[in-house]
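Below is one structure, written out as structure tokens, with a few remarks after it.
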Amino acid sequence: MDLILLSRNLSLPKIMKFDTSGLESTASVFGTAGNELVDGFSAAPAFELPTTTDFDGFQKEAVQMVKPAKGTTTLAFIFKDGVIVAADSRASMGGYISSQSVKKIIEINPYMLGTMAGGAADCQFWHRNLGIKCRLHELTNKRRISVTGASKLLANILFSYRGMGLSVGTMIAGWDETGPGLYYVDSEGGRLKGTRFSVGSGSPYAYGVLDSGYRADMSIEEAAELGRRAIYHATFRDGASGGVASVYYVGPDGWKKLSGDDVSELHYKYYPVVSTEAPEPDRMVEA
Amino acid sequence: MSIFEYNGSAIVAMVGKNCFAIASDRRLGVNLQTVATDFQRIFKIHDKLFVGLSGLGSDAQTLYQRLVFRHKLYQLREERDMKPETFASLVSAILYEKRFGPYFCQPVIAGLGNDDKPFICTMDFIGAKELAKDFVVAGSASESLYGACEALFKPDMEPDELSEVVSQALLASVDRDCLSGWGGHIYIVTPDEVREKILKGRMD
């Protein structure tokens, strides 16, 4: 107490205090003077908010313009041996294909995967942030975080940014002490536990194949082929999906990438070109 | 996405040595959903005159039916086929008739005129003609097509080389467009014959 009075009277520079930043669970990556983080399970890092009365309408037009449509196809399902996670690899901006080789399955840690749908930057950033939090959980609690816990961490963060234009439609898949786990989390703040999900503009087509071909007692190869087929069919029908169909498997020892096949090659493998002299049978004929 | 990109399309026509090539993609979509992969966008008016119609699929089909009708009348009256330059003027007039309720189509016209000299032209949806000596493009993938054609074009190509160049330009361009592709359809027209080929492309 006396020390503080002394410093004020004599205008000394800031007094020494204990440096407790090492005990904070999240480093201040956001630049603000890291004082909003109080306990181990942090509140959301705070960004500066605009001063306006109409917060929902503020910059709504600009946010809608930036908000990308979820042009993609990702899917994940649980079966008897674990979880299969599959996705395409196309990034589109309106009608333009900006990339055919985007990694949409994000490796959060060696036993948990996240999928990317919606804004690429949003998904990449928040999945990496989730990975950091999972690692910190391991260090503070001396045990791995459960899939339930990890998905809840992410869902709570996304909920706190609700209405601010984040676009994230992700599935968290992993293997923990209770076995395989699969959750769907989105930027509206929703979080669902389930055994079969597909997210993105190509998801209706993927659901069709997935739902009709699913059996709980599939082998790993059969399950991978089902996931691959579902992605292929979605890339065929949906303009915003394409590129490479990646398939990952999550088992008791963690995740493993099973395959990454170009969907165009899959098409000619499933439907080889048969050369005939006759014209094509189902040609659309002019009335 | 605008009405011109509702169905998605890609058309290119290129001039060679006493020949021309006209090519299109084969997709018909409803916004992002693909409905057909064998949709015809290039139509024959007569053996030495082809027209490709990009843009809204239903307007392309209706416009084609009107053009065939007008050409058949012309054949009855004049007792000969229409020259490509004349046909281009006809298309332009038909499009401008509908100035205030237009056909949402961008036509690409390619033909062999007097002395089998190749002729290509394109026009916008209300009939502004644009003649070119080398190549013309249209459709939702038109910007990519301009780039690819500009890079690959050489003057006075023989039919085989021309078909290779047009195929590569078309396939490369539609691979950068969500709304067109799913194969290609190319016609190579020389004074003696018309060769039609289906291209194997990416089906995503």
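Please note that chains go A, B, ... in the order of the structure tokens, that every chain numbers its residues from 1, and that ligands are numbered from 1 in the order shown.
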**Request:** Would you kindly return, as a VMD selection string, each protein, DNA or RNA residue with an atom no farther than 12 Å from any atom of Trp175 of chain A, considering only C-alpha atoms and excluding same-chain residues fewer than 2 positions away?
**Result:** chain A and resid 78 81 to 84 109 to 113 144 to 148 150 172 to 173 177 to 183 249 to 255
**Item:** Neighbours of chain B in chain A at 9 Å, counting only C-alpha atoms, as a ChimeraX atom specification
**Value:** /A:92,94-100,201-202,232,234-243,263-265,267-268,282-284,286
For the residues selected in the previous step, produce a file with N, CA, C and O atoms as a CSV table (one decimal), in the first residue's frame.
chain,number,residue,atom,x,y,z
A,92,SER,N,-14.9,-21.9,-54.1
A,92,SER,CA,-15.5,-21.1,-55.2
A,92,SER,C,-16.0,-19.7,-54.6
A,92,SER,O,-16.3,-19.6,-53.5
A,94,GLY,N,-18.6,-17.3,-55.8
A,94,GLY,CA,-19.7,-17.1,-56.8
A,94,GLY,C,-19.6,-18.2,-57.9
A,94,GLY,O,-19.7,-19.3,-57.6
A,95,GLY,N,-19.3,-17.8,-59.1
A,95,GLY,CA,-19.2,-18.8,-60.2
A,95,GLY,C,-17.8,-19.2,-60.4
A,95,GLY,O,-17.5,-20.2,-61.1
A,96,TYR,N,-16.8,-18.4,-59.9
A,96,TYR,CA,-15.4,-18.7,-60.2
A,96,TYR,C,-14.8,-19.7,-59.2
A,96,TYR,O,-15.0,-19.6,-58.0
A,97,ILE,N,-14.1,-20.6,-59.8
A,97,ILE,CA,-13.4,-21.6,-59.0
A,97,ILE,C,-12.1,-21.0,-58.5
A,97,ILE,O,-11.2,-20.9,-59.4
A,98,SER,N,-11.9,-20.7,-57.3
A,98,SER,CA,-10.6,-20.1,-56.9
A,98,SER,C,-9.5,-21.2,-56.6
A,98,SER,O,-8.4,-20.9,-56.7
A,99,SER,N,-10.0,-22.4,-56.1
A,99,SER,CA,-9.0,-23.4,-55.9
A,99,SER,C,-9.6,-24.8,-56.0
A,99,SER,O,-10.7,-24.9,-55.6
A,100,GLN,N,-8.8,-25.7,-56.5
A,100,GLN,CA,-9.3,-27.1,-56.5
A,100,GLN,C,-8.6,-28.0,-55.5
A,100,GLN,O,-8.7,-29.2,-55.5
A,201,SER,N,-23.2,-27.1,-49.6
A,201,SER,CA,-24.2,-27.0,-50.7
A,201,SER,C,-24.4,-28.4,-51.3
A,201,SER,O,-25.4,-28.7,-51.9
A,202,GLY,N,-23.4,-29.3,-51.2
A,202,GLY,CA,-23.6,-30.6,-51.9
A,202,GLY,C,-24.1,-31.6,-50.9
A,202,GLY,O,-24.2,-32.8,-51.2
A,232,TYR,N,-18.2,-38.1,-54.2
A,232,TYR,CA,-18.2,-38.1,-55.7
A,232,TYR,C,-19.5,-37.7,-56.2
A,232,TYR,O,-19.6,-36.9,-57.1
A,234,ALA,N,-21.8,-36.0,-54.9
A,234,ALA,CA,-22.1,-34.6,-54.6
A,234,ALA,C,-21.3,-33.7,-55.5
A,234,ALA,O,-21.8,-32.7,-56.0
A,235,THR,N,-20.1,-34.0,-55.8
A,235,THR,CA,-19.3,-33.2,-56.7
A,235,THR,C,-19.9,-33.3,-58.2
A,235,THR,O,-19.8,-32.3,-58.9
A,236,PHE,N,-20.5,-34.4,-58.5
A,236,PHE,CA,-21.1,-34.5,-59.9
A,236,PHE,C,-22.3,-33.5,-60.0
A,236,PHE,O,-22.4,-32.9,-61.0
A,237,ARG,N,-23.1,-33.5,-59.0
A,237,ARG,CA,-24.3,-32.7,-59.1
A,237,ARG,C,-24.2,-31.3,-58.7
A,237,ARG,O,-24.9,-30.4,-59.2
A,238,ASP,N,-23.4,-31.0,-57.7
A,238,ASP,CA,-23.2,-29.7,-57.2
A,238,ASP,C,-22.1,-28.9,-57.9
A,238,ASP,O,-21.0,-29.4,-58.0
A,239,GLY,N,-22.4,-27.7,-58.4
A,239,GLY,CA,-21.4,-27.0,-59.1
A,239,GLY,C,-20.3,-26.4,-58.1
A,239,GLY,O,-19.2,-26.2,-58.5
A,240,ALA,N,-20.7,-26.2,-56.9
A,240,ALA,CA,-19.7,-25.6,-56.0
A,240,ALA,C,-18.8,-26.7,-55.3
A,240,ALA,O,-18.1,-26.3,-54.4
A,241,SER,N,-18.9,-27.9,-55.6
A,241,SER,CA,-18.1,-29.0,-55.0
A,241,SER,C,-17.3,-29.6,-56.1
A,241,SER,O,-17.8,-29.8,-57.2
A,242,GLY,N,-16.0,-30.0,-55.8
A,242,GLY,CA,-15.2,-30.7,-56.8
A,242,GLY,C,-13.8,-30.9,-56.3
A,242,GLY,O,-13.5,-30.7,-55.2
A,243,GLY,N,-13.0,-31.3,-57.3
A,243,GLY,CA,-11.5,-31.4,-56.9
A,243,GLY,C,-11.2,-32.8,-56.5
A,243,GLY,O,-11.3,-33.7,-57.3
A,263,VAL,N,-11.9,-36.5,-58.3
A,263,VAL,CA,-13.2,-37.0,-58.5
A,263,VAL,C,-13.5,-37.2,-60.0
A,263,VAL,O,-14.4,-38.0,-60.3
A,264,SER,N,-12.7,-36.6,-60.9
A,264,SER,CA,-12.9,-36.8,-62.3
A,264,SER,C,-12.5,-38.2,-62.6
A,264,SER,O,-13.1,-39.0,-63.4
A,265,GLU,N,-11.3,-38.7,-62.0
A,265,GLU,CA,-10.9,-40.0,-62.2
A,265,GLU,C,-11.9,-41.0,-61.6
A,265,GLU,O,-12.1,-42.1,-62.2
A,267,HIS,N,-15.0,-40.6,-61.5
A,267,HIS,CA,-16.2,-40.7,-62.4
A,267,HIS,C,-15.9,-41.8,-63.5
A,267,HIS,O,-16.7,-42.6,-63.8
A,268,TYR,N,-14.7,-41.7,-64.1
A,268,TYR,CA,-14.5,-42.6,-65.2
A,268,TYR,C,-14.2,-44.0,-64.7
A,268,TYR,O,-14.2,-45.0,-65.5
A,282,ASP,N,-29.5,-41.5,-74.2
A,282,ASP,CA,-30.4,-40.6,-73.5
A,282,ASP,C,-30.1,-39.1,-73.8
A,282,ASP,O,-30.1,-38.3,-72.9
A,283,ARG,N,-29.9,-38.8,-75.0
A,283,ARG,CA,-29.7,-37.5,-75.5
A,283,ARG,C,-31.0,-36.7,-75.4
A,283,ARG,O,-32.1,-37.2,-75.8
A,284,MET,N,-30.9,-35.5,-75.0
A,284,MET,CA,-32.2,-34.7,-75.0
A,284,MET,C,-32.5,-34.3,-76.4
A,284,MET,O,-31.8,-33.7,-77.1
A,286,GLU,N,-34.7,-32.4,-79.3
A,286,GLU,CA,-35.5,-31.2,-79.6
A,286,GLU,C,-36.9,-31.6,-79.9
A,286,GLU,O,-37.1,-32.5,-80.8
**Item:** Test item: residues at most 9 Å from Ala132 of chain B, only C-alpha atoms, excluding those fewer than 5 positions along its chain, as a PyMOL selection string
**Value:** chain B and resi 119-122
**Request:** Could you give me the residues within chain B that DSSP places in alpha helix (DSSP H), as a ChimeraX atom specification?
**Result:** /B:57-78,84-97,142-152,159-174
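Taking segment 88-193 of chain B and asking which residues DSSP calls strand (DSSP E) on the backbone, you get B:Cys105, B:Gln106, B:Pro107, B:Val108, B:Ile109, B:Ala110, B:Gly111, B:Leu112, B:Pro118, B:Phe119, B:Ile120, B:Cys121, B:Thr122, B:Met123, B:Lys129, B:Glu130, B:Leu131, B:Ala132, B:Phe135, B:Val136, B:Val137, B:Ala138, B:Gly139, B:Gly184, B:His185, B:Ile186, B:Tyr187, B:Ile188, B:Val189.
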**Item:** Residues near Cys105 of chain B, cut-off 12 Å, only C-alpha atoms, skip fewer than 5 positions along chain, as an MDAnalysis selection string
**Value:** chainID B and resid 3:11 41 51:64 91:92 94:96 98 122:127 138:140
**Request:** Could you give me, as a PyMOL selection string, the residues within 9 Å of segment 186-196 of chain A, counting only C-alpha atoms and dropping anything in the same chain fewer than 5 positions from it?
**Result:** chain A and resi 75-79+83+148+151-152+155-163+165-171+181+207+210-211
